[in-house]
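Data file: data.cif. Format and content: mmCIF, C-alpha atoms and all ligand atoms.
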data_model
#
loop_
_atom_site.label_atom_id
_atom_site.label_comp_id
_atom_site.auth_asym_id
_atom_site.auth_seq_id
_atom_site.Cartn_x
_atom_site.Cartn_y
_atom_site.Cartn_z
CA MET Y 1 81.11 123.24 117.41
CA SER Y 2 79.78 119.90 118.61
CA ASP Y 3 81.88 116.84 117.80
CA THR Y 4 78.97 114.49 117.54
CA ALA Y 5 75.62 114.44 115.83
CA LEU Y 6 72.61 112.50 117.00
CA MET Y 7 71.10 109.93 114.74
CA SER Y 8 68.95 106.86 115.29
CA PRO Y 9 70.07 103.74 113.44
CA PRO Y 10 67.10 101.56 112.49
CA GLY Y 11 65.95 99.26 115.25
CA LEU Y 12 67.47 101.03 118.21
CA VAL Y 13 65.43 102.47 121.01
CA ASP Y 14 67.82 105.09 122.26
CA PRO Y 15 69.54 107.75 120.18
CA VAL Y 16 73.11 106.88 119.34
CA PRO Y 17 75.61 109.70 119.17
CA VAL Y 18 77.50 109.10 115.95
CA ALA Y 19 80.94 110.60 115.67
CA ARG Y 20 82.34 112.13 112.55
CA VAL Y 21 84.81 109.97 110.71
CA VAL Y 22 87.71 112.03 112.01
CA THR Y 23 87.52 113.52 115.50
CA PRO Y 24 88.22 117.27 115.31
CA ARG Y 25 91.32 118.38 117.19
CA ALA Y 26 91.81 121.56 119.16
CA ASP Y 27 94.69 122.55 116.84
CA ALA Y 28 92.50 121.99 113.73
CA ARG Y 29 94.99 119.61 112.14
CA VAL Y 30 93.59 116.40 110.63
CA ASP Y 31 94.62 113.01 112.01
CA LEU Y 32 95.53 110.64 109.17
CA THR Y 33 95.66 107.48 111.31
CA GLY Y 34 93.10 104.93 110.23
CA LEU Y 35 92.10 106.60 106.97
CA ALA Y 36 92.21 104.53 103.79
CA ARG Y 37 94.96 105.48 101.32
CA PRO Y 38 92.56 107.13 98.83
CA ALA Y 39 91.13 109.22 101.67
CA VAL Y 40 94.63 110.44 102.53
CA GLN Y 41 95.13 111.28 98.85
CA GLU Y 42 91.89 113.26 98.79
CA LEU Y 43 92.88 115.25 101.87
CA LEU Y 44 96.22 116.12 100.28
CA GLU Y 45 94.41 117.30 97.14
CA GLN Y 46 92.02 119.40 99.20
CA ALA Y 47 95.04 120.97 100.86
CA GLY Y 48 96.36 122.00 97.44
CA LEU Y 49 98.50 119.24 95.93
CA ASP Y 50 97.83 118.27 92.33
CA PRO Y 51 96.36 114.77 91.89
CA ARG Y 52 99.64 113.14 90.77
CA GLN Y 53 101.60 114.56 93.69
CA ALA Y 54 98.81 113.71 96.10
CA LYS Y 55 98.78 110.10 94.96
CA LEU Y 56 102.54 109.70 95.26
CA ARG Y 57 102.73 111.42 98.64
CA SER Y 58 99.78 109.45 100.03
CA ARG Y 59 101.56 106.21 99.13
CA GLN Y 60 104.74 107.32 100.84
CA ILE Y 61 102.92 108.56 103.93
CA PHE Y 62 100.89 105.34 104.14
CA HIS Y 63 104.05 103.30 104.08
CA TRP Y 64 105.69 105.37 106.82
CA ILE Y 65 102.59 105.16 109.00
CA TYR Y 66 101.89 101.42 108.77
CA HIS Y 67 105.20 99.81 107.94
CA ARG Y 68 107.47 102.04 109.94
CA GLY Y 69 105.28 103.32 112.79
CA VAL Y 70 106.47 106.88 112.17
CA THR Y 71 104.35 109.63 113.73
CA ASP Y 72 106.45 112.63 112.67
CA PHE Y 73 106.49 113.90 109.09
CA ALA Y 74 110.05 115.17 109.67
CA GLN Y 75 111.23 111.54 109.63
CA MET Y 76 109.74 110.80 106.20
CA THR Y 77 113.05 111.05 104.41
CA ASP Y 78 111.81 110.25 100.90
CA ILE Y 79 109.47 113.24 100.99
CA ALA Y 80 110.98 116.58 99.92
CA LYS Y 81 112.42 118.50 102.87
CA THR Y 82 110.31 121.56 102.13
CA MET Y 83 107.11 119.54 102.05
CA ARG Y 84 107.57 117.99 105.51
CA PRO Y 85 106.77 121.19 107.47
CA TRP Y 86 103.87 121.83 105.09
CA LEU Y 87 102.44 118.45 106.09
CA THR Y 88 103.14 119.05 109.78
CA ASP Y 89 101.17 122.30 109.64
CA ARG Y 90 98.10 120.53 108.35
CA PHE Y 91 98.13 116.92 109.52
CA VAL Y 92 99.09 114.66 112.39
CA ILE Y 93 99.58 110.91 112.71
CA GLY Y 94 97.88 110.44 116.02
CA ARG Y 95 97.46 107.90 118.75
CA PRO Y 96 94.85 107.86 121.49
CA ASP Y 97 96.24 109.53 124.64
CA VAL Y 98 97.27 107.08 127.33
CA VAL Y 99 95.66 108.00 130.66
CA GLU Y 100 96.83 104.90 132.51
CA ALA Y 101 98.66 101.67 131.69
CA GLN Y 102 98.38 98.61 133.94
CA HIS Y 103 100.17 95.27 134.03
CA SER Y 104 98.57 92.12 135.45
CA VAL Y 105 100.55 89.45 137.32
CA ASP Y 106 99.68 87.09 134.43
CA GLY Y 107 101.21 89.38 131.79
CA THR Y 108 97.94 90.88 130.58
CA ARG Y 109 98.16 94.63 129.95
CA LYS Y 110 95.36 97.16 130.03
CA TRP Y 111 95.37 100.74 128.83
CA LEU Y 112 92.92 103.46 129.69
CA LEU Y 113 92.87 105.66 126.59
CA ARG Y 114 91.40 109.05 125.75
CA THR Y 115 90.15 110.47 122.46
CA ALA Y 116 91.16 113.94 121.21
CA ASP Y 117 87.78 115.24 122.46
CA GLY Y 118 88.19 113.76 125.93
CA HIS Y 119 86.31 110.44 126.04
CA ASP Y 120 87.84 107.47 127.85
CA PHE Y 121 87.88 103.87 126.68
CA GLU Y 122 89.97 100.75 127.26
CA MET Y 123 92.14 98.29 125.39
CA VAL Y 124 93.66 95.00 126.59
CA PHE Y 125 96.63 92.93 125.39
CA ILE Y 126 96.73 89.23 126.28
CA PRO Y 127 100.05 87.45 125.66
CA ASP Y 128 100.09 83.66 125.30
CA ALA Y 129 102.83 81.18 124.47
CA ASP Y 130 102.05 81.11 120.76
CA ARG Y 131 100.13 84.34 120.17
CA GLY Y 132 99.44 87.85 121.39
CA THR Y 133 95.85 89.02 121.25
CA LEU Y 134 94.75 92.63 121.31
CA CYS Y 135 91.22 93.20 122.54
CA VAL Y 136 90.01 96.35 120.79
CA SER Y 137 87.09 98.65 121.70
CA SER Y 138 84.59 99.86 119.11
CA GLN Y 139 82.51 102.28 121.19
CA VAL Y 140 82.84 104.40 124.32
CA GLY Y 141 80.27 102.56 126.44
CA CYS Y 142 77.52 100.39 124.96
CA THR Y 143 73.79 100.74 124.33
CA LEU Y 144 72.99 97.14 124.98
CA ASN Y 145 72.87 96.67 128.77
CA CYS Y 146 73.61 92.95 128.96
CA ARG Y 147 72.93 92.22 132.61
CA PHE Y 148 76.23 90.47 133.36
CA CYS Y 149 78.48 93.01 131.60
CA HIS Y 150 80.09 95.95 133.34
CA THR Y 151 80.44 97.91 130.10
CA GLY Y 152 76.69 97.55 129.72
CA THR Y 153 76.19 99.70 132.82
CA MET Y 154 77.87 102.64 131.07
CA ARG Y 155 75.78 104.77 128.83
CA LEU Y 156 76.91 104.93 125.23
CA VAL Y 157 78.98 108.05 124.83
CA ARG Y 158 79.82 107.70 121.19
CA ASN Y 159 81.12 105.46 118.46
CA LEU Y 160 84.87 105.34 117.96
CA THR Y 161 86.18 106.56 114.61
CA PRO Y 162 88.30 104.37 112.31
CA GLY Y 163 91.31 106.40 113.47
CA GLU Y 164 90.56 105.65 117.11
CA ILE Y 165 90.09 101.95 116.36
CA VAL Y 166 93.24 101.60 114.22
CA GLY Y 167 94.97 103.92 116.73
CA GLN Y 168 94.58 101.22 119.40
CA VAL Y 169 96.48 98.72 117.25
CA MET Y 170 99.17 101.30 116.45
CA LEU Y 171 99.56 102.18 120.10
CA ALA Y 172 99.86 98.51 121.08
CA ARG Y 173 102.58 98.06 118.46
CA ASP Y 174 104.36 101.14 119.82
CA ALA Y 175 104.17 99.74 123.35
CA LEU Y 176 105.38 96.31 122.27
CA GLY Y 177 108.24 97.79 120.27
CA GLU Y 178 107.01 96.13 117.12
CA TRP Y 179 107.96 98.54 114.37
CA PRO Y 180 110.65 97.42 111.97
CA ARG Y 181 113.98 99.13 112.02
CA GLY Y 182 116.41 98.57 109.28
CA SER Y 183 116.98 99.36 105.73
CA MET Y 184 114.82 102.46 105.22
CA ALA Y 185 116.54 105.75 104.52
CA GLY Y 186 117.03 107.88 107.59
CA LEU Y 187 116.94 105.03 110.05
CA GLU Y 188 120.20 103.34 109.01
CA ASP Y 189 121.85 104.45 112.20
CA VAL Y 190 119.40 102.68 114.48
CA GLU Y 191 121.49 100.21 116.46
CA ASP Y 192 119.45 97.05 116.19
CA ALA Y 193 118.59 97.60 112.54
CA GLY Y 194 117.31 94.63 110.61
CA HIS Y 195 116.23 92.43 113.52
CA TYR Y 196 112.54 92.64 112.76
CA THR Y 197 110.84 89.71 111.14
CA SER Y 198 107.16 89.49 110.46
CA ASP Y 199 106.89 86.06 112.09
CA GLY Y 200 108.49 87.38 115.25
CA ARG Y 201 105.43 89.54 115.89
CA LEU Y 202 104.11 89.82 119.41
CA LEU Y 203 100.73 91.16 118.36
CA THR Y 204 99.35 88.37 116.18
CA ASN Y 205 95.58 88.47 116.67
CA ILE Y 206 92.86 91.05 117.09
CA VAL Y 207 89.50 90.53 118.72
CA MET Y 208 86.76 93.15 118.55
CA MET Y 209 85.70 92.29 122.10
CA GLY Y 210 86.55 95.41 124.05
CA MET Y 211 83.98 98.03 124.95
CA GLY Y 212 80.94 98.35 122.73
CA GLU Y 213 78.93 96.45 120.13
CA PRO Y 214 80.96 96.52 116.91
CA LEU Y 215 77.95 95.89 114.65
CA TYR Y 216 76.29 99.06 115.97
CA ASN Y 217 79.32 100.94 114.65
CA PHE Y 218 79.57 98.89 111.51
CA GLU Y 219 81.02 101.32 109.00
CA ASN Y 220 83.77 102.65 111.23
CA VAL Y 221 84.72 99.14 112.36
CA ARG Y 222 84.72 97.93 108.75
CA ASP Y 223 86.87 100.81 107.52
CA ALA Y 224 89.28 100.39 110.44
CA LEU Y 225 89.65 96.65 109.90
CA ARG Y 226 90.19 97.18 106.18
CA VAL Y 227 93.23 99.33 106.98
CA VAL Y 228 94.41 96.70 109.48
CA MET Y 229 94.06 93.97 106.81
CA ASP Y 230 95.35 96.03 103.87
CA GLY Y 231 98.69 94.71 102.59
CA ASP Y 232 99.92 98.32 102.40
CA GLY Y 233 98.43 98.94 105.85
CA LEU Y 234 99.07 96.72 108.87
CA ALA Y 235 98.75 93.58 106.72
CA LEU Y 236 97.15 91.37 109.34
CA SER Y 237 95.25 88.41 107.89
CA LYS Y 238 91.47 88.34 108.28
CA ARG Y 239 91.91 84.85 109.73
CA ARG Y 240 93.57 86.43 112.72
CA ILE Y 241 90.76 88.88 113.38
CA THR Y 242 87.55 88.00 115.24
CA LEU Y 243 84.53 90.22 115.62
CA SER Y 244 82.21 89.49 118.53
CA THR Y 245 78.56 90.49 118.39
CA SER Y 246 75.77 90.16 120.90
CA GLY Y 247 73.55 89.27 117.93
CA VAL Y 248 72.82 92.26 115.71
CA VAL Y 249 71.21 90.02 113.10
CA PRO Y 250 70.60 92.61 110.32
CA MET Y 251 74.33 93.48 110.14
CA MET Y 252 75.79 89.97 110.18
CA GLN Y 253 75.57 89.30 106.46
CA ARG Y 254 77.31 92.59 105.67
CA CYS Y 255 79.96 91.81 108.26
CA GLY Y 256 80.80 88.60 106.43
CA GLU Y 257 80.68 90.15 102.98
CA GLU Y 258 82.34 93.50 103.62
CA ILE Y 259 84.89 92.57 106.30
CA GLY Y 260 85.16 88.78 106.09
CA VAL Y 261 86.62 88.29 109.55
CA ASN Y 262 85.92 85.41 111.94
CA LEU Y 263 82.64 85.71 113.77
CA ALA Y 264 81.99 85.20 117.47
CA VAL Y 265 78.44 85.33 118.77
CA SER Y 266 77.55 86.04 122.38
CA LEU Y 267 74.82 83.42 122.77
CA HIS Y 268 74.94 82.90 126.57
CA ALA Y 269 71.52 81.22 126.86
CA VAL Y 270 69.38 78.69 125.03
CA THR Y 271 65.86 79.70 126.05
CA LYS Y 272 63.99 82.85 125.19
CA GLU Y 273 63.20 83.54 128.83
CA ILE Y 274 66.80 83.51 130.02
CA ARG Y 275 68.34 85.17 126.98
CA ASP Y 276 65.72 87.94 127.11
CA GLU Y 277 66.84 88.58 130.67
CA ILE Y 278 70.60 88.52 130.26
CA VAL Y 279 71.01 89.78 126.66
CA PRO Y 280 68.06 92.16 126.23
CA LEU Y 281 68.76 92.47 122.49
CA ASN Y 282 67.22 88.98 122.30
CA ARG Y 283 63.79 90.59 122.58
CA LYS Y 284 64.45 92.14 119.19
CA TYR Y 285 66.43 89.35 117.49
CA GLY Y 286 65.57 85.98 118.97
CA ILE Y 287 67.70 82.84 119.21
CA GLU Y 288 66.26 81.13 116.13
CA GLU Y 289 66.72 84.21 113.96
CA LEU Y 290 70.25 84.62 115.28
CA LEU Y 291 71.23 81.03 114.57
CA ALA Y 292 69.74 81.23 111.08
CA ALA Y 293 71.90 84.31 110.42
CA CYS Y 294 74.93 82.37 111.69
CA ALA Y 295 74.15 79.50 109.33
CA ALA Y 296 74.12 82.02 106.47
CA TYR Y 297 77.31 83.82 107.58
CA PRO Y 298 79.53 84.23 104.51
CA GLY Y 299 82.80 82.35 104.81
CA ALA Y 300 81.85 80.12 107.73
CA SER Y 301 82.98 76.52 107.20
CA ASN Y 302 84.42 73.63 109.17
CA ALA Y 303 87.82 75.18 108.66
CA ARG Y 304 86.55 78.56 109.85
CA ARG Y 305 84.00 77.89 112.51
CA ILE Y 306 81.80 80.38 114.29
CA THR Y 307 82.58 80.79 117.98
CA PHE Y 308 79.62 80.77 120.35
CA GLU Y 309 80.46 82.53 123.57
CA TYR Y 310 78.66 81.31 126.65
CA VAL Y 311 79.16 83.07 129.98
CA MET Y 312 78.69 80.65 132.88
CA LEU Y 313 76.22 82.10 135.38
CA ARG Y 314 75.41 80.09 138.46
CA ASP Y 315 71.92 78.54 138.45
CA LYS Y 316 70.96 80.73 135.52
CA ASN Y 317 72.15 79.12 132.30
CA ASP Y 318 74.47 76.31 133.46
CA SER Y 319 72.36 73.13 133.86
CA ASP Y 320 72.86 69.83 132.05
CA ALA Y 321 69.62 70.52 130.23
CA ASP Y 322 71.02 73.87 129.02
CA ALA Y 323 74.13 72.12 127.69
CA ARG Y 324 72.05 69.53 125.86
CA GLU Y 325 69.78 72.20 124.39
CA LEU Y 326 72.85 74.11 123.22
CA VAL Y 327 74.05 71.02 121.37
CA ARG Y 328 70.60 70.45 119.88
CA LEU Y 329 70.36 74.02 118.60
CA LEU Y 330 73.83 74.05 117.05
CA LYS Y 331 73.11 70.75 115.31
CA ALA Y 332 69.60 71.75 114.22
CA TYR Y 333 71.10 74.68 112.30
CA ASP Y 334 73.99 72.55 111.07
CA LEU Y 335 76.44 75.17 112.28
CA PRO Y 336 80.20 74.87 111.93
CA ALA Y 337 80.52 75.80 115.58
CA LYS Y 338 82.87 75.88 118.51
CA VAL Y 339 81.80 76.96 121.96
CA ASN Y 340 83.82 79.15 124.29
CA LEU Y 341 82.77 78.79 127.91
CA ILE Y 342 83.60 81.98 129.80
CA PRO Y 343 83.50 81.81 133.60
CA PHE Y 344 81.58 84.91 134.68
CA ASN Y 345 83.93 87.69 135.76
CA PRO Y 346 82.39 89.49 138.71
CA TRP Y 347 82.27 93.24 139.21
CA PRO Y 348 80.94 95.31 142.13
CA GLY Y 349 77.17 95.08 142.34
CA ALA Y 350 76.84 92.45 139.59
CA PRO Y 351 73.52 90.59 139.87
CA TYR Y 352 75.06 87.14 139.14
CA GLU Y 353 77.66 84.72 140.39
CA CYS Y 354 80.00 82.47 138.47
CA SER Y 355 79.04 78.80 138.09
CA THR Y 356 81.02 76.37 140.26
CA PRO Y 357 84.11 74.83 138.64
CA ASP Y 358 82.41 71.41 138.69
CA ARG Y 359 79.37 72.77 136.90
CA VAL Y 360 81.53 74.44 134.24
CA ARG Y 361 83.46 71.19 133.74
CA ARG Y 362 80.28 69.12 133.44
CA PHE Y 363 78.74 71.57 130.97
CA SER Y 364 81.89 71.46 128.88
CA GLU Y 365 81.94 67.63 128.92
CA ILE Y 366 78.36 67.38 127.65
CA VAL Y 367 79.09 69.66 124.70
CA PHE Y 368 82.41 67.93 123.93
CA ALA Y 369 80.71 64.53 124.08
CA ALA Y 370 78.42 65.66 121.28
CA GLY Y 371 81.44 66.37 119.09
CA ILE Y 372 81.55 70.14 119.55
CA SER Y 373 84.66 71.72 120.97
CA ALA Y 374 83.85 73.60 124.20
CA PRO Y 375 86.97 74.71 126.04
CA VAL Y 376 86.74 76.76 129.21
CA ARG Y 377 88.42 80.10 128.80
CA THR Y 378 90.89 80.98 131.53
CA PRO Y 379 90.12 84.43 132.85
CA ARG Y 380 93.02 86.81 132.22
CA GLY Y 381 93.92 90.04 133.91
CA ARG Y 382 91.22 89.81 136.59
CA ASP Y 383 93.47 91.60 139.10
CA ILE Y 384 93.49 94.74 136.93
CA ASP Y 385 89.82 94.44 135.86
CA ALA Y 386 90.89 93.56 132.33
CA ALA Y 387 88.88 90.34 131.96
CA CYS Y 388 85.85 89.94 129.66
CA GLY Y 389 83.03 92.21 130.66
CA GLN Y 390 85.00 94.12 133.27
CA LEU Y 391 85.88 97.05 131.07
CA ARG Y 392 84.35 100.24 132.21
CA THR Y 393 85.90 103.63 132.72
CA ALA Y 394 85.74 105.60 135.94
CA ALA Y 395 84.87 108.77 134.05
CA GLU Y 396 81.48 107.38 133.11
CA LYS Y 397 80.34 105.79 136.33
CA LYS Y 398 76.58 105.98 136.41
CA SER Y 399 74.23 103.57 138.07
CA ARG Y 400 71.81 101.53 136.04
CA ALA Y 401 68.98 103.30 137.85
CA GLU Y 402 70.41 106.69 136.89
CA ARG Y 403 70.67 105.60 133.30
CA ASP Y 404 67.18 104.11 133.24
CA ARG Y 405 65.84 107.41 134.58
CA GLU Y 406 67.67 109.27 131.82
CA ILE Y 407 66.25 107.00 129.13
CA GLU Y 408 62.75 107.40 130.58
CA SER Y 409 62.94 111.15 130.74
CA ALA Y 410 64.35 111.28 127.17
CA ALA Y 411 61.37 109.20 126.03
N1 LIG I 501 79.63 93.64 122.48
C1 LIG I 501 80.21 92.49 121.95
C2 LIG I 501 81.71 92.39 122.18
C3 LIG I 501 82.24 92.81 123.53
S1 LIG I 501 81.95 91.77 124.91
C4 LIG I 501 79.53 91.26 122.47
O1 LIG I 501 78.75 91.36 123.40
O2 LIG I 501 79.77 90.19 121.92
C5 LIG I 501 83.06 90.38 124.72
C6 LIG I 501 82.53 89.09 125.41
O3 LIG I 501 82.62 89.17 126.84
C7 LIG I 501 81.08 88.83 125.09
O4 LIG I 501 80.85 87.49 124.82
C8 LIG I 501 80.44 89.23 126.38
O5 LIG I 501 79.15 88.70 126.49
C9 LIG I 501 81.41 88.71 127.40
N2 LIG I 501 81.19 89.26 128.74
C10 LIG I 501 80.62 90.42 129.09
N3 LIG I 501 80.61 90.59 130.43
C11 LIG I 501 81.19 89.48 130.96
C12 LIG I 501 81.51 89.08 132.30
N4 LIG I 501 81.23 89.85 133.35
N5 LIG I 501 82.13 87.90 132.47
C13 LIG I 501 82.46 87.12 131.40
N6 LIG I 501 82.21 87.47 130.12
C14 LIG I 501 81.58 88.63 129.89
FE1 LIG I 502 77.56 95.67 125.16
FE2 LIG I 502 78.77 93.30 124.61
FE3 LIG I 502 78.63 94.24 127.14
FE4 LIG I 502 76.42 93.38 125.92
S1 LIG I 502 78.24 92.16 126.46
S2 LIG I 502 76.60 95.27 127.13
S3 LIG I 502 76.78 94.04 123.82
S4 LIG I 502 79.74 95.18 125.43
#

Once you've parsed the file, please lay out its structure as structure tokens.
Ligand code: SAH
Ligand code: SF4
Amino acid sequence: MSDTALMSPPGLVDPVPVARVVTPRADARVDLTGLARPAVQELLEQAGLDPRQAKLRSRQIFHWIYHRGVTDFAQMTDIAKTMRPWLTDRFVIGRPDVVEAQHSVDGTRKWLLRTADGHDFEMVFIPDADRGTLCVSSQVGCTLNCRFCHTGTMRLVRNLTPGEIVGQVMLARDALGEWPRGSMAGLEDVEDAGHYTSDGRLLTNIVMMGMGEPLYNFENVRDALRVVMDGDGLALSKRRITLSTSGVVPMMQRCGEEIGVNLAVSLHAVTKEIRDEIVPLNRKYGIEELLAACAAYPGASNARRITFEYVMLRDKNDSDADARELVRLLKAYDLPAKVNLIPFNPWPGAPYECSTPDRVRRFSEIVFAAGISAPVRTPRGRDIDAACGQLRTAAEKKSRAERDREIESAA
């Protein structure tokens, strides 16, 4: 049986393989990671529990999954002993498989992960003095072919499920040793019991900036982030979560209303000609339309500004005139904005170079002088290809020409 079904979301040229909500496993058990509590309850009912039991058990299981990091039903000591093997026969609490884990000299960590049906994707953790940011993937590959992005040279394999998205956060917490130990029954004997405090967290922020375009996998990303934000789930505040989009205008309103996280927009250019070239989605949703959607983004305010990402490409989008036009546009739409200048991270065969440090500094000064914050982002994890736009898995290496041929022959 195929694990994916083809469907064309409105407005896309190429068919997008859409995964089921839960990826089928070879052992036919169902992975509960990433499912909302009522969905867990429903699965328990379908497996034969009466509604009252199912509700109680789903609450207990949810707590063990998200507050304790437990992956084995045998450890769920407040669930009847006889029921634990019954659960184990039918369900798992999964994590993506780790194919490879790498550590950068600057502390950045990158994981190559694999889904239960064998697709590879990546996740990055970036530790800073006052925060730890997990960069989460939403798709295996990407349909959007931005010219400066290595992920864009992969074909889209499929959307990640909510379980695979939440699974990244769970796995990072496993790797960082972030699950509480302490007072819960069955774990009293753990040596360093009680040392966990919520403010001592290492993983404090999530950015949907890994592989893929999150707004082309809206429902799965929304459902995953709801579990991450749920007080009974991972209980991470929406203020600590940022979703980055290349500008999928029709989904932005829903993103604000149904998820409510911080928005980052990959603007990267201020003229139609240049943005059409480097972010081809611009041919569908132009700069003006995009900025109007930003101005209408629910929840944006001076306290919660929209981040405009701008990759610095030498002699392409980095002139003084570009900086001034950027300021003009942000002011014309009265946007509560901050700008993030990202020095271009090169990859083999990339058609661009990074702007010179002087150029980046000058660009930043012009935007700052107009009263808009425009820090230059320090590239992290370049030595392990973990920096922005470098994510791409070896399993899917295909040249742009190969992919273009495929698209042509499909058409
Ligand atoms: N698809 C989403 C989120 C993932 S990309 C988006 O495009 O917004 C995260 C950020 O990295 C985006 O701003 C993207 O444009 C930027 N990026 C991509 N390739 C890059 C590269 N080679 N160097 C620097 N930034 C890059
Ligand atoms: Fe896809 Fe974002 Fe890369 Fe563009 S920059 S190809 S939207 S991942």

Tell me, as an mmCIF file with C-alpha atoms, in the frame of the given file, which residues lie within 7 Å of Y:Cys354, counting all atoms listed in the file; anything in the same chain fewer than 6 positions away does not count.
data_model
loop_
_atom_site.group_PDB
_atom_site.id
_atom_site.type_symbol
_atom_site.label_atom_id
_atom_site.label_comp_id
_atom_site.auth_asym_id
_atom_site.auth_seq_id
_atom_site.Cartn_x
_atom_site.Cartn_y
_atom_site.Cartn_z
ATOM 1 C CA MET Y 312 78.690 80.650 132.880
ATOM 2 C CA LEU Y 313 76.220 82.100 135.380
ATOM 3 C CA ARG Y 314 75.410 80.090 138.460
ATOM 4 C CA PRO Y 343 83.500 81.810 133.600
ATOM 5 C CA PHE Y 344 81.580 84.910 134.680
#

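Our summary of the geometry notes that atom CA of Y:Val40 is positioned 5.8 Å from atom CA of Y:Ser58.
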
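The binding environment of ligand LIG 501 (chain I), defined as every protein, DNA or RNA residue with an atom no more than 6 Å away and counting all atoms listed in the file, comprises Phe148, Cys149, Met209, Gly210, Met211, Gly212, Glu213, Ser244, Thr245, Ser246, Val265, Ser266, Glu309, Val311, Ile342, Pro343, Phe344, Asn345, Pro346, Cys388, Gly389 and Gln390 of chain Y.
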
Any idea what the distance is between atom CA of Y:Arg109 and atom CA of Y:Leu35?
-> 26.6 Å

For ligand LIG 502 (chain I), I'd like the enclosing box, axis-aligned and padded by 6 Å on every side, reported as lines of an AutoDock Vina configuration file with centre and edge lengths in Å to one decimal.
center_x = 78.1
center_y = 93.9
center_z = 125.5
size_x = 15.3
size_y = 15.5
size_z = 15.3

Find the residues near stretch 110-124 of chain Y: any atom within 8 Å, counting only C-alpha atoms, skip ones fewer than 2 places away on the same chain, and give them as a PyMOL selection string.
-> chain Y and resi 3+23-26+96-103+108+126+134-137+139-141+157+164+168+210-211+384+386+391-393+395

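Proximity ranking of Y:Thr133, Y:Gln53, Y:Ser104, Y:Asn217 relative to ligand LIG 502 (chain I) places Y:Asn217 first, based on all atoms listed in the file.
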
Residues near Y:Pro214, cut-off 7 Å, all atoms listed in the file, skip fewer than 5 positions along chain, as a list in words = Ser138, Met208, Val221 and Thr245 of chain Y

Export C-alpha atoms of the chosen residues as a tab-separated table (two decimals), keeping the file's coordinate frame?
chain	number	residue	atom	x	y	z
Y	138	SER	CA	84.59	99.86	119.11
Y	208	MET	CA	86.76	93.15	118.55
Y	221	VAL	CA	84.72	99.14	112.36
Y	245	THR	CA	78.56	90.49	118.39

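Comparing Y:Ser319, Y:Asn205, Y:Ser373, Y:Thr151 by their smallest distance to ligand LIG 502 (chain I), the closest is Y:Thr151 (using all atoms listed in the file).
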
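Considering the residues Y:Arg90, Y:Lys284, Y:Arg68, Y:Arg201 and counting all atoms listed in the file, Y:Gln46 has its shortest atom-to-atom contact with Y:Arg90.
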
Please, what distance in Å, to one decimal, runs between atom CA of Y:Pro180 and atom CA of Y:Gly107?
-> 23.4 Å

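Counting all atoms listed in the file, the residue from Y:Val248, Y:Val70, Y:Leu329, Y:Val367 that sits nearest to ligand LIG 502 (chain I) is Y:Val248.
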
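If you measure from each of Y:Thr143, Y:Thr204, Y:Asn302, Y:Thr161 to ligand LIG 502 (chain I) using only C-alpha atoms and all ligand atoms, the closest one turns out to be Y:Thr143.
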